file my_file36.cif (mmCIF, N, CA and C atoms and all ligand atoms)
data_upload
loop_
_atom_site.label_atom_id
_atom_site.label_comp_id
_atom_site.auth_asym_id
_atom_site.auth_seq_id
_atom_site.Cartn_x
_atom_site.Cartn_y
_atom_site.Cartn_z
N MET A 952 0.84 -1.21 0.00
CA MET A 952 0.00 0.00 0.00
C MET A 952 0.87 1.25 0.00
N SER A 953 0.56 2.13 -0.87
CA SER A 953 1.35 3.35 -0.91
C SER A 953 0.70 4.45 -0.07
N GLU A 954 -0.63 4.40 0.08
CA GLU A 954 -1.29 5.45 0.84
C GLU A 954 -0.92 5.37 2.32
N ALA A 955 -0.85 6.51 2.96
CA ALA A 955 -0.56 6.54 4.39
C ALA A 955 -1.81 6.21 5.20
N GLU A 956 -2.96 6.51 4.64
CA GLU A 956 -4.17 6.17 5.37
C GLU A 956 -5.33 5.92 4.42
N PHE A 957 -6.31 5.23 4.96
CA PHE A 957 -7.54 4.96 4.22
C PHE A 957 -8.68 5.71 4.89
N SER A 958 -9.69 6.02 4.10
CA SER A 958 -10.88 6.64 4.68
C SER A 958 -12.11 5.89 4.20
N GLY A 959 -13.18 6.09 4.94
CA GLY A 959 -14.42 5.41 4.58
C GLY A 959 -15.58 6.03 5.31
N GLY A 960 -16.75 5.44 5.12
CA GLY A 960 -17.92 5.99 5.78
C GLY A 960 -19.17 5.21 5.46
N CYS A 961 -20.29 5.73 5.96
CA CYS A 961 -21.57 5.03 5.88
C CYS A 961 -22.39 5.53 4.70
N LEU A 962 -23.53 4.92 4.52
CA LEU A 962 -24.41 5.27 3.41
C LEU A 962 -24.90 6.72 3.48
N CYS A 963 -25.32 7.17 4.67
CA CYS A 963 -25.93 8.50 4.75
C CYS A 963 -24.88 9.61 4.81
N GLY A 964 -23.64 9.26 5.07
CA GLY A 964 -22.58 10.26 5.08
C GLY A 964 -22.33 10.92 6.42
N LYS A 965 -23.13 10.60 7.44
CA LYS A 965 -22.91 11.24 8.75
C LYS A 965 -21.68 10.71 9.45
N VAL A 966 -21.31 9.46 9.16
CA VAL A 966 -20.07 8.91 9.74
C VAL A 966 -18.99 8.85 8.68
N ARG A 967 -17.83 9.43 9.01
CA ARG A 967 -16.63 9.26 8.20
C ARG A 967 -15.52 8.81 9.15
N TYR A 968 -14.71 7.88 8.69
CA TYR A 968 -13.60 7.42 9.52
C TYR A 968 -12.32 7.42 8.70
N SER A 969 -11.20 7.39 9.41
CA SER A 969 -9.93 7.17 8.74
C SER A 969 -9.15 6.14 9.53
N VAL A 970 -8.29 5.42 8.83
CA VAL A 970 -7.48 4.39 9.45
C VAL A 970 -6.16 4.32 8.70
N ALA A 971 -5.07 4.17 9.47
CA ALA A 971 -3.74 4.23 8.86
C ALA A 971 -3.40 2.93 8.15
N ALA A 972 -2.71 3.06 7.01
CA ALA A 972 -2.14 1.90 6.33
C ALA A 972 -1.02 1.36 7.23
N PRO A 973 -0.60 0.13 7.08
CA PRO A 973 -1.04 -0.78 6.03
C PRO A 973 -2.26 -1.60 6.43
N VAL A 974 -2.96 -2.07 5.43
CA VAL A 974 -4.00 -3.05 5.71
C VAL A 974 -3.31 -4.37 6.06
N GLN A 975 -3.78 -5.02 7.12
CA GLN A 975 -3.11 -6.24 7.60
C GLN A 975 -3.63 -7.49 6.90
N GLN A 976 -4.91 -7.52 6.64
CA GLN A 976 -5.48 -8.63 5.88
C GLN A 976 -6.83 -8.20 5.30
N VAL A 977 -7.24 -8.90 4.27
CA VAL A 977 -8.54 -8.64 3.64
C VAL A 977 -9.16 -10.00 3.37
N CYS A 978 -10.38 -10.19 3.83
CA CYS A 978 -10.96 -11.53 3.71
C CYS A 978 -12.48 -11.44 3.53
N TYR A 979 -13.04 -12.59 3.16
CA TYR A 979 -14.48 -12.77 3.22
C TYR A 979 -14.80 -13.57 4.47
N CYS A 980 -15.87 -13.21 5.18
CA CYS A 980 -16.33 -14.03 6.30
C CYS A 980 -17.73 -14.54 6.00
N HIS A 981 -17.88 -15.86 6.12
CA HIS A 981 -19.15 -16.50 5.84
C HIS A 981 -19.87 -16.91 7.12
N CYS A 982 -19.43 -16.43 8.28
CA CYS A 982 -20.03 -16.91 9.53
C CYS A 982 -21.46 -16.40 9.68
N GLU A 983 -22.21 -17.16 10.45
CA GLU A 983 -23.63 -16.84 10.63
C GLU A 983 -23.81 -15.47 11.29
N SER A 984 -22.91 -15.14 12.22
CA SER A 984 -23.02 -13.86 12.92
C SER A 984 -22.87 -12.68 11.95
N CYS A 985 -21.88 -12.76 11.07
CA CYS A 985 -21.70 -11.68 10.09
C CYS A 985 -22.90 -11.60 9.15
N ARG A 986 -23.43 -12.74 8.79
CA ARG A 986 -24.60 -12.73 7.90
C ARG A 986 -25.76 -11.99 8.54
N HIS A 987 -26.05 -12.33 9.78
CA HIS A 987 -27.19 -11.70 10.43
C HIS A 987 -26.93 -10.23 10.73
N ALA A 988 -25.68 -9.92 11.09
CA ALA A 988 -25.35 -8.53 11.42
C ALA A 988 -25.44 -7.63 10.19
N SER A 989 -25.22 -8.21 9.02
CA SER A 989 -25.19 -7.41 7.80
C SER A 989 -26.45 -7.54 6.96
N GLY A 990 -27.16 -8.65 7.15
CA GLY A 990 -28.29 -8.92 6.27
C GLY A 990 -27.85 -9.33 4.88
N ALA A 991 -26.61 -9.78 4.76
CA ALA A 991 -26.03 -10.17 3.47
C ALA A 991 -25.49 -11.60 3.57
N PRO A 992 -25.31 -12.30 2.44
CA PRO A 992 -24.87 -13.71 2.48
C PRO A 992 -23.47 -13.90 3.04
N PHE A 993 -22.61 -12.89 2.93
CA PHE A 993 -21.27 -12.92 3.53
C PHE A 993 -20.76 -11.49 3.56
N VAL A 994 -19.68 -11.27 4.28
CA VAL A 994 -19.15 -9.92 4.45
C VAL A 994 -17.66 -9.91 4.14
N ALA A 995 -17.20 -8.89 3.43
CA ALA A 995 -15.77 -8.71 3.20
C ALA A 995 -15.25 -7.71 4.24
N TRP A 996 -14.11 -8.08 4.85
CA TRP A 996 -13.51 -7.28 5.91
C TRP A 996 -12.08 -6.90 5.57
N ALA A 997 -11.66 -5.72 6.01
CA ALA A 997 -10.26 -5.31 5.93
C ALA A 997 -9.80 -5.02 7.36
N THR A 998 -8.64 -5.58 7.71
CA THR A 998 -8.14 -5.50 9.08
C THR A 998 -7.00 -4.49 9.18
N PHE A 999 -7.10 -3.64 10.20
CA PHE A 999 -6.08 -2.61 10.45
C PHE A 999 -5.70 -2.62 11.92
N SER A 1000 -4.68 -1.86 12.27
CA SER A 1000 -4.35 -1.64 13.67
C SER A 1000 -5.44 -0.79 14.32
N ALA A 1001 -5.96 -1.26 15.46
CA ALA A 1001 -7.05 -0.54 16.13
C ALA A 1001 -6.61 0.84 16.60
N ASP A 1002 -5.32 0.99 16.91
CA ASP A 1002 -4.82 2.28 17.38
C ASP A 1002 -4.95 3.37 16.33
N ASP A 1003 -4.98 2.95 15.09
CA ASP A 1003 -4.94 3.91 13.99
C ASP A 1003 -6.31 4.24 13.44
N PHE A 1004 -7.35 3.72 14.07
CA PHE A 1004 -8.71 3.96 13.58
C PHE A 1004 -9.32 5.14 14.33
N VAL A 1005 -9.93 6.06 13.60
CA VAL A 1005 -10.60 7.19 14.25
C VAL A 1005 -11.84 7.60 13.45
N ALA A 1006 -12.92 7.85 14.18
CA ALA A 1006 -14.11 8.41 13.54
C ALA A 1006 -13.88 9.91 13.41
N VAL A 1007 -13.76 10.40 12.21
CA VAL A 1007 -13.45 11.82 12.01
C VAL A 1007 -14.72 12.65 11.91
N ARG A 1008 -15.85 12.00 11.73
CA ARG A 1008 -17.13 12.72 11.70
C ARG A 1008 -18.22 11.77 12.16
N GLY A 1009 -19.18 12.28 12.93
CA GLY A 1009 -20.34 11.50 13.33
C GLY A 1009 -20.04 10.50 14.42
N GLU A 1010 -21.01 9.67 14.69
CA GLU A 1010 -20.94 8.74 15.82
C GLU A 1010 -21.07 7.31 15.34
N ILE A 1011 -20.11 6.47 15.76
CA ILE A 1011 -20.23 5.04 15.52
C ILE A 1011 -20.79 4.40 16.78
N LYS A 1012 -21.99 3.86 16.67
CA LYS A 1012 -22.57 3.12 17.80
C LYS A 1012 -22.05 1.70 17.75
N GLN A 1013 -21.99 1.06 18.92
CA GLN A 1013 -21.53 -0.33 18.96
C GLN A 1013 -22.56 -1.19 19.67
N HIS A 1014 -22.66 -2.41 19.23
CA HIS A 1014 -23.44 -3.39 19.99
C HIS A 1014 -22.62 -4.66 20.13
N ARG A 1015 -22.87 -5.38 21.22
CA ARG A 1015 -22.13 -6.61 21.49
C ARG A 1015 -22.89 -7.75 20.82
N SER A 1016 -22.34 -8.26 19.71
CA SER A 1016 -23.05 -9.28 18.95
C SER A 1016 -22.76 -10.68 19.47
N SER A 1017 -21.70 -10.84 20.24
CA SER A 1017 -21.46 -12.08 20.97
C SER A 1017 -20.57 -11.70 22.15
N GLU A 1018 -20.25 -12.69 22.98
CA GLU A 1018 -19.56 -12.39 24.23
C GLU A 1018 -18.28 -11.60 24.03
N TYR A 1019 -17.58 -11.85 22.91
CA TYR A 1019 -16.25 -11.26 22.72
C TYR A 1019 -16.21 -10.19 21.63
N VAL A 1020 -17.36 -9.87 21.06
CA VAL A 1020 -17.37 -9.07 19.83
C VAL A 1020 -18.20 -7.81 19.97
N LEU A 1021 -17.62 -6.68 19.50
CA LEU A 1021 -18.38 -5.44 19.36
C LEU A 1021 -18.46 -5.11 17.88
N ARG A 1022 -19.66 -4.83 17.41
CA ARG A 1022 -19.86 -4.41 16.03
C ARG A 1022 -20.31 -2.96 16.03
N GLY A 1023 -19.67 -2.16 15.16
CA GLY A 1023 -19.96 -0.74 15.10
C GLY A 1023 -20.75 -0.41 13.84
N PHE A 1024 -21.64 0.57 13.97
CA PHE A 1024 -22.50 0.94 12.84
C PHE A 1024 -22.87 2.42 12.96
N CYS A 1025 -23.32 2.99 11.86
CA CYS A 1025 -23.76 4.38 11.89
C CYS A 1025 -25.05 4.49 12.69
N ALA A 1026 -25.07 5.43 13.63
CA ALA A 1026 -26.24 5.60 14.50
C ALA A 1026 -27.45 6.10 13.73
N THR A 1027 -27.25 6.65 12.56
CA THR A 1027 -28.37 7.17 11.77
C THR A 1027 -28.86 6.17 10.73
N CYS A 1028 -27.97 5.69 9.89
CA CYS A 1028 -28.42 4.83 8.77
C CYS A 1028 -28.13 3.35 8.98
N ALA A 1029 -27.42 3.01 10.06
CA ALA A 1029 -27.18 1.61 10.46
C ALA A 1029 -26.23 0.84 9.54
N THR A 1030 -25.51 1.51 8.67
CA THR A 1030 -24.50 0.82 7.87
C THR A 1030 -23.49 0.12 8.79
N PRO A 1031 -23.26 -1.18 8.62
CA PRO A 1031 -22.22 -1.86 9.42
C PRO A 1031 -20.84 -1.33 9.04
N LEU A 1032 -20.04 -0.97 10.04
CA LEU A 1032 -18.76 -0.33 9.78
C LEU A 1032 -17.57 -1.08 10.38
N THR A 1033 -17.68 -1.54 11.61
CA THR A 1033 -16.51 -2.10 12.28
C THR A 1033 -16.83 -3.40 13.02
N TYR A 1034 -15.77 -4.15 13.28
CA TYR A 1034 -15.83 -5.40 14.03
C TYR A 1034 -14.59 -5.44 14.90
N TRP A 1035 -14.80 -5.71 16.20
CA TRP A 1035 -13.68 -5.79 17.13
C TRP A 1035 -13.85 -7.03 17.99
N HIS A 1036 -12.80 -7.85 18.04
CA HIS A 1036 -12.84 -9.09 18.81
C HIS A 1036 -11.86 -8.98 19.96
N GLU A 1037 -12.34 -9.30 21.16
CA GLU A 1037 -11.55 -9.14 22.37
C GLU A 1037 -10.21 -9.89 22.30
N SER A 1038 -10.19 -11.02 21.62
CA SER A 1038 -8.99 -11.85 21.61
C SER A 1038 -7.90 -11.28 20.70
N ARG A 1039 -8.26 -10.31 19.88
CA ARG A 1039 -7.23 -9.61 19.09
C ARG A 1039 -7.56 -8.12 19.14
N ALA A 1040 -7.45 -7.62 20.39
CA ALA A 1040 -7.92 -6.27 20.70
C ALA A 1040 -7.13 -5.18 19.99
N GLY A 1041 -5.93 -5.51 19.53
CA GLY A 1041 -5.11 -4.52 18.85
C GLY A 1041 -5.50 -4.30 17.41
N GLN A 1042 -6.47 -5.06 16.95
CA GLN A 1042 -6.89 -4.94 15.56
C GLN A 1042 -8.34 -4.49 15.47
N ILE A 1043 -8.66 -3.84 14.38
CA ILE A 1043 -10.06 -3.54 14.08
C ILE A 1043 -10.31 -3.93 12.62
N ASP A 1044 -11.46 -4.53 12.40
CA ASP A 1044 -11.87 -4.85 11.04
C ASP A 1044 -12.88 -3.80 10.60
N VAL A 1045 -12.77 -3.34 9.39
CA VAL A 1045 -13.79 -2.46 8.83
C VAL A 1045 -14.44 -3.16 7.65
N THR A 1046 -15.71 -2.90 7.44
CA THR A 1046 -16.37 -3.51 6.29
C THR A 1046 -15.68 -2.98 5.04
N LEU A 1047 -15.20 -3.92 4.23
CA LEU A 1047 -14.41 -3.52 3.07
C LEU A 1047 -15.18 -2.54 2.19
N ALA A 1048 -16.49 -2.79 2.05
CA ALA A 1048 -17.28 -1.96 1.14
C ALA A 1048 -17.51 -0.55 1.67
N SER A 1049 -17.22 -0.30 2.96
CA SER A 1049 -17.38 1.06 3.48
C SER A 1049 -16.14 1.91 3.22
N LEU A 1050 -15.05 1.28 2.75
CA LEU A 1050 -13.83 2.03 2.44
C LEU A 1050 -13.96 2.72 1.09
N ASP A 1051 -13.46 3.93 1.02
CA ASP A 1051 -13.46 4.64 -0.27
C ASP A 1051 -12.64 3.88 -1.31
N ALA A 1052 -11.58 3.21 -0.84
CA ALA A 1052 -10.67 2.51 -1.76
C ALA A 1052 -10.99 1.02 -1.84
N ALA A 1053 -12.23 0.64 -1.58
CA ALA A 1053 -12.58 -0.79 -1.56
C ALA A 1053 -12.14 -1.50 -2.83
N GLY A 1054 -12.23 -0.83 -3.96
CA GLY A 1054 -11.88 -1.46 -5.23
C GLY A 1054 -10.41 -1.84 -5.36
N GLU A 1055 -9.59 -1.26 -4.51
CA GLU A 1055 -8.14 -1.53 -4.58
C GLU A 1055 -7.71 -2.65 -3.65
N LEU A 1056 -8.62 -3.14 -2.82
CA LEU A 1056 -8.24 -4.11 -1.79
C LEU A 1056 -9.03 -5.40 -1.98
N ALA A 1057 -8.52 -6.27 -2.81
CA ALA A 1057 -9.23 -7.52 -3.07
C ALA A 1057 -9.04 -8.50 -1.91
N PRO A 1058 -10.11 -9.17 -1.49
CA PRO A 1058 -9.97 -10.18 -0.44
C PRO A 1058 -8.99 -11.28 -0.86
N ARG A 1059 -8.30 -11.83 0.16
CA ARG A 1059 -7.24 -12.83 -0.10
C ARG A 1059 -7.65 -14.24 0.29
N PHE A 1060 -8.70 -14.40 1.12
CA PHE A 1060 -9.11 -15.75 1.54
C PHE A 1060 -10.53 -15.70 2.10
N HIS A 1061 -11.07 -16.89 2.32
CA HIS A 1061 -12.43 -17.05 2.85
C HIS A 1061 -12.35 -17.67 4.25
N LEU A 1062 -13.06 -17.07 5.19
CA LEU A 1062 -13.13 -17.62 6.55
C LEU A 1062 -14.53 -18.19 6.83
N TRP A 1063 -14.59 -19.10 7.80
CA TRP A 1063 -15.85 -19.69 8.27
C TRP A 1063 -16.66 -20.33 7.14
N VAL A 1064 -15.91 -21.00 6.25
CA VAL A 1064 -16.58 -21.65 5.12
C VAL A 1064 -17.55 -22.74 5.58
N LYS A 1065 -17.29 -23.29 6.78
CA LYS A 1065 -18.21 -24.35 7.25
C LYS A 1065 -19.62 -23.79 7.53
N GLU A 1066 -19.74 -22.47 7.68
CA GLU A 1066 -21.06 -21.88 7.90
C GLU A 1066 -21.61 -21.19 6.65
N LYS A 1067 -20.92 -21.35 5.55
CA LYS A 1067 -21.32 -20.71 4.29
C LYS A 1067 -22.71 -21.18 3.86
N LEU A 1068 -23.49 -20.28 3.30
CA LEU A 1068 -24.78 -20.67 2.75
C LEU A 1068 -24.55 -21.64 1.58
N PRO A 1069 -25.39 -22.67 1.49
CA PRO A 1069 -25.13 -23.72 0.49
C PRO A 1069 -25.20 -23.23 -0.95
N TRP A 1070 -25.95 -22.17 -1.20
CA TRP A 1070 -26.07 -21.70 -2.59
C TRP A 1070 -25.04 -20.64 -2.97
N VAL A 1071 -24.18 -20.27 -2.02
CA VAL A 1071 -23.08 -19.36 -2.37
C VAL A 1071 -21.98 -20.17 -3.06
N GLN A 1072 -21.69 -19.85 -4.30
CA GLN A 1072 -20.68 -20.57 -5.09
C GLN A 1072 -19.36 -19.81 -5.03
N LEU A 1073 -18.33 -20.47 -4.55
CA LEU A 1073 -17.01 -19.85 -4.53
C LEU A 1073 -16.27 -20.27 -5.79
N ASN A 1074 -16.08 -19.34 -6.69
CA ASN A 1074 -15.47 -19.65 -7.98
C ASN A 1074 -14.04 -19.14 -8.10
N ASP A 1075 -13.51 -18.60 -7.00
CA ASP A 1075 -12.13 -18.11 -7.06
C ASP A 1075 -11.17 -19.19 -6.55
N ASP A 1076 -9.89 -18.89 -6.65
CA ASP A 1076 -8.86 -19.84 -6.21
C ASP A 1076 -8.30 -19.46 -4.84
N LEU A 1077 -9.00 -18.62 -4.11
CA LEU A 1077 -8.48 -18.15 -2.82
C LEU A 1077 -8.53 -19.27 -1.78
N PRO A 1078 -7.59 -19.25 -0.83
CA PRO A 1078 -7.63 -20.24 0.26
C PRO A 1078 -8.94 -20.14 1.04
N ARG A 1079 -9.41 -21.30 1.50
CA ARG A 1079 -10.66 -21.37 2.26
C ARG A 1079 -10.39 -22.04 3.59
N TYR A 1080 -10.93 -21.48 4.65
CA TYR A 1080 -10.74 -22.02 5.98
C TYR A 1080 -12.09 -22.33 6.60
N ASP A 1081 -12.19 -23.48 7.25
CA ASP A 1081 -13.45 -23.86 7.89
C ASP A 1081 -13.89 -22.83 8.92
N THR A 1082 -12.91 -22.33 9.68
CA THR A 1082 -13.24 -21.31 10.70
C THR A 1082 -12.31 -20.12 10.45
N VAL A 1083 -11.33 -19.93 11.35
CA VAL A 1083 -10.38 -18.83 11.15
C VAL A 1083 -9.05 -19.41 10.67
N ARG A 1084 -8.14 -18.54 10.22
CA ARG A 1084 -6.81 -18.99 9.86
C ARG A 1084 -6.03 -19.30 11.12
N GLU A 1085 -5.18 -20.32 11.08
CA GLU A 1085 -4.39 -20.68 12.27
C GLU A 1085 -3.61 -19.50 12.84
N PRO A 1086 -2.95 -18.69 12.01
CA PRO A 1086 -2.16 -17.58 12.61
C PRO A 1086 -3.04 -16.58 13.37
N ASP A 1087 -4.32 -16.55 13.04
CA ASP A 1087 -5.22 -15.58 13.67
C ASP A 1087 -5.96 -16.19 14.85
N ARG A 1088 -5.78 -17.48 15.05
CA ARG A 1088 -6.61 -18.18 16.02
C ARG A 1088 -6.27 -17.76 17.45
N ASN A 1089 -7.29 -17.50 18.21
CA ASN A 1089 -7.12 -17.19 19.63
C ASN A 1089 -8.25 -17.87 20.39
N ASN A 1090 -7.92 -18.42 21.52
CA ASN A 1090 -8.96 -19.02 22.37
C ASN A 1090 -9.81 -20.03 21.61
N GLY A 1091 -9.17 -20.92 20.85
CA GLY A 1091 -9.96 -21.90 20.13
C GLY A 1091 -10.58 -21.27 18.91
N SER A 1092 -11.77 -21.66 18.60
CA SER A 1092 -12.42 -21.15 17.39
C SER A 1092 -13.69 -20.39 17.75
N LEU A 1093 -13.51 -19.30 18.43
CA LEU A 1093 -14.66 -18.51 18.83
C LEU A 1093 -15.37 -17.98 17.59
N PRO A 1094 -16.66 -18.21 17.50
CA PRO A 1094 -17.37 -17.67 16.34
C PRO A 1094 -17.38 -16.15 16.39
N GLY A 1095 -17.43 -15.57 15.23
CA GLY A 1095 -17.41 -14.12 15.16
C GLY A 1095 -18.76 -13.52 15.36
ZN ZN B 1 -25.00 6.81 8.18
ZN ZN B 2 -17.92 -13.40 10.51
#
call {"tool": "encode", "arguments": {"input": "my_file36.cif", "output": "structure tokens"}}
result
Amino acid sequence: MSEAEFSGGCLCGKVRYSVAAPVQQVCYCHCESCRHASGAPFVAWATFSADDFVAVRGEIKQHRSSEYVLRGFCATCATPLTYWHESRAGQIDVTLASLDAAGELAPRFHLWVKEKLPWVQLNDDLPRYDTVREPDRNNGSLPG
């Protein structure tokens, strides 16, 4: 990544955020929790250092979607924006599609394929993991 930082925001424009490069990973998550939280068949995420994330405009509300997880969204239009897991507290995931530069950051692998909807066809050659990647694993396989 050549940019020093990335920016993004929600559908209504009341929330804008910035986060410093580099992006640490970009993936698709097929877990049931992400599906329900987004209302979509799967979610693409980009992971950054949590220290470098800041809401530069508006308010990001958070809700605890499971024991270890906080999901952030625009308080006005409810666009899903962030994901934070206690077991990797130094990182924050942002919804890839909320980034202004989403088109430049292609996902590199699929997570939680064991919970994938049966009619979602994966036609790429990206690595697929039943749950999380081993290097990212903390506390067993806590669902997201
Ligand atoms: Zn909004
Ligand atoms: Zn997920």
call {"tool": "residues_near_ligand", "arguments": {"input": "my_file36.cif", "ligand": "ligand ZN 2 (chain B)", "cutoff": "10 Å", "atoms": "only C-alpha atoms and all ligand atoms", "output": "ChimeraX atom specification"}}
result
/A:978-989,993-996,1034,1062-1064,1066,1082-1083,1094-1095
call {"tool": "atom_distance", "arguments": {"input": "my_file36.cif", "atom1": "CA of Ser1000 (chain A)", "atom2": "CA of Gly959 (chain A)"}}
result
15.3 Å
call {"tool": "atom_distance", "arguments": {"input": "my_file36.cif", "atom1": "atom N of Asn1074 (chain A)", "atom2": "atom C of Phe1060 (chain A)"}}
result
11.0 Å
call {"tool": "residues_near_ligand", "arguments": {"input": "my_file36.cif", "ligand": "ligand ZN 1 (chain B)", "cutoff": "6 Å", "atoms": "only N, CA and C atoms and all ligand atoms", "output": "ChimeraX atom specification"}}
result
/A:961-966,1025-1030
call {"tool": "atom_distance", "arguments": {"input": "my_file36.cif", "atom1": "atom N of Arg1039 (chain A)", "atom2": "CA of Gln1013 (chain A)"}}
result
16.6 Å
call {"tool": "residues_around", "arguments": {"input": "my_file36.cif", "residues": "Glu956 (chain A)", "least_positions_apart": "6", "cutoff": "7 Å", "atoms": "only C-alpha atoms", "output": "ChimeraX atom specification"}}
result
/A:969-972
call {"tool": "closest_residue", "arguments": {"input": "my_file36.cif", "among": "A:Ile1043, A:Ala997, A:Val977, A:Leu1050", "to": "Phe957 (chain A)", "atoms": "only N, CA and C atoms"}}
result
A:Leu1050
call {"tool": "select_by_dssp", "arguments": {"input": "my_file36.cif", "residues": "region 980-1088 of chain A", "states": "strand (DSSP E)", "output": "VMD selection string"}}
result
chain A and resid 980 994 to 1000 1004 to 1008 1011 to 1017 1020 to 1025 1031 to 1036 1042 to 1046 1060 to 1062
call {"tool": "closest_residue", "arguments": {"input": "my_file36.cif", "among": "A:Leu1077, A:Ala1006, A:Val1071, A:Leu1056", "to": "Pro973 (chain A)", "atoms": "only C-alpha atoms"}}
result
A:Leu1056
call {"tool": "residues_around", "arguments": {"input": "my_file36.cif", "residues": "Gly1041 (chain A)", "least_positions_apart": "6", "cutoff": "9 Å", "atoms": "only C-alpha atoms", "output": "VMD selection string"}}
result
chain A and resid 999 to 1002 1035
call {"tool": "residues_near_point", "arguments": {"input": "my_file36.cif", "point": "(-16.7, 0.8, 14.1)", "cutoff": "6.5 Å", "atoms": "all atoms listed in the file", "output": "ChimeraX atom specification"}}
result
/A:1011,1022-1024,1032-1034
call {"tool": "write_last_selection", "arguments": {"input": "my_file36.cif", "atoms": "N, CA and C atoms", "output": "PDB file, in the frame of the given file"}}
result
ATOM      1  N   ILE A1011     -20.110   6.470  15.760  1.00  0.00           N
ATOM      2  CA  ILE A1011     -20.230   5.040  15.520  1.00  0.00           C
ATOM      3  C   ILE A1011     -20.790   4.400  16.780  1.00  0.00           C
ATOM      4  N   ARG A1022     -19.660  -4.830  17.410  1.00  0.00           N
ATOM      5  CA  ARG A1022     -19.860  -4.410  16.030  1.00  0.00           C
ATOM      6  C   ARG A1022     -20.310  -2.960  16.030  1.00  0.00           C
ATOM      7  N   GLY A1023     -19.670  -2.160  15.160  1.00  0.00           N
ATOM      8  CA  GLY A1023     -19.960  -0.740  15.100  1.00  0.00           C
ATOM      9  C   GLY A1023     -20.750  -0.410  13.840  1.00  0.00           C
ATOM     10  N   PHE A1024     -21.640   0.570  13.970  1.00  0.00           N
ATOM     11  CA  PHE A1024     -22.500   0.940  12.840  1.00  0.00           C
ATOM     12  C   PHE A1024     -22.870   2.420  12.960  1.00  0.00           C
ATOM     13  N   LEU A1032     -20.040  -0.970  10.040  1.00  0.00           N
ATOM     14  CA  LEU A1032     -18.760  -0.330   9.780  1.00  0.00           C
ATOM     15  C   LEU A1032     -17.570  -1.080  10.380  1.00  0.00           C
ATOM     16  N   THR A1033     -17.680  -1.540  11.610  1.00  0.00           N
ATOM     17  CA  THR A1033     -16.510  -2.100  12.280  1.00  0.00           C
ATOM     18  C   THR A1033     -16.830  -3.400  13.020  1.00  0.00           C
ATOM     19  N   TYR A1034     -15.770  -4.150  13.280  1.00  0.00           N
ATOM     20  CA  TYR A1034     -15.830  -5.400  14.030  1.00  0.00           C
ATOM     21  C   TYR A1034     -14.590  -5.440  14.900  1.00  0.00           C
TER      22      TYR A1034
END
call {"tool": "select_by_dssp", "arguments": {"input": "my_file36.cif", "residues": "region 967-1087 of chain A", "states": "alpha helix (DSSP H)", "output": "compact mmCIF listing (two decimals) with N, CA and C atoms, in the frame of the given file"}}
result
# COMPACT_ATOMS: atom_id res chain seq x y z
N GLU A 983 -22.21 -17.16 10.45
CA GLU A 983 -23.63 -16.84 10.63
C GLU A 983 -23.81 -15.47 11.29
N SER A 984 -22.91 -15.14 12.22
CA SER A 984 -23.02 -13.86 12.92
C SER A 984 -22.87 -12.68 11.95
N CYS A 985 -21.88 -12.76 11.07
CA CYS A 985 -21.70 -11.68 10.09
C CYS A 985 -22.90 -11.60 9.15
N ARG A 986 -23.43 -12.74 8.79
CA ARG A 986 -24.60 -12.73 7.90
C ARG A 986 -25.76 -11.99 8.54
N HIS A 987 -26.05 -12.33 9.78
CA HIS A 987 -27.19 -11.70 10.43
C HIS A 987 -26.93 -10.23 10.73
N ALA A 988 -25.68 -9.92 11.09
CA ALA A 988 -25.35 -8.53 11.42
C ALA A 988 -25.44 -7.63 10.19
N SER A 989 -25.22 -8.21 9.02
CA SER A 989 -25.19 -7.41 7.80
C SER A 989 -26.45 -7.54 6.96
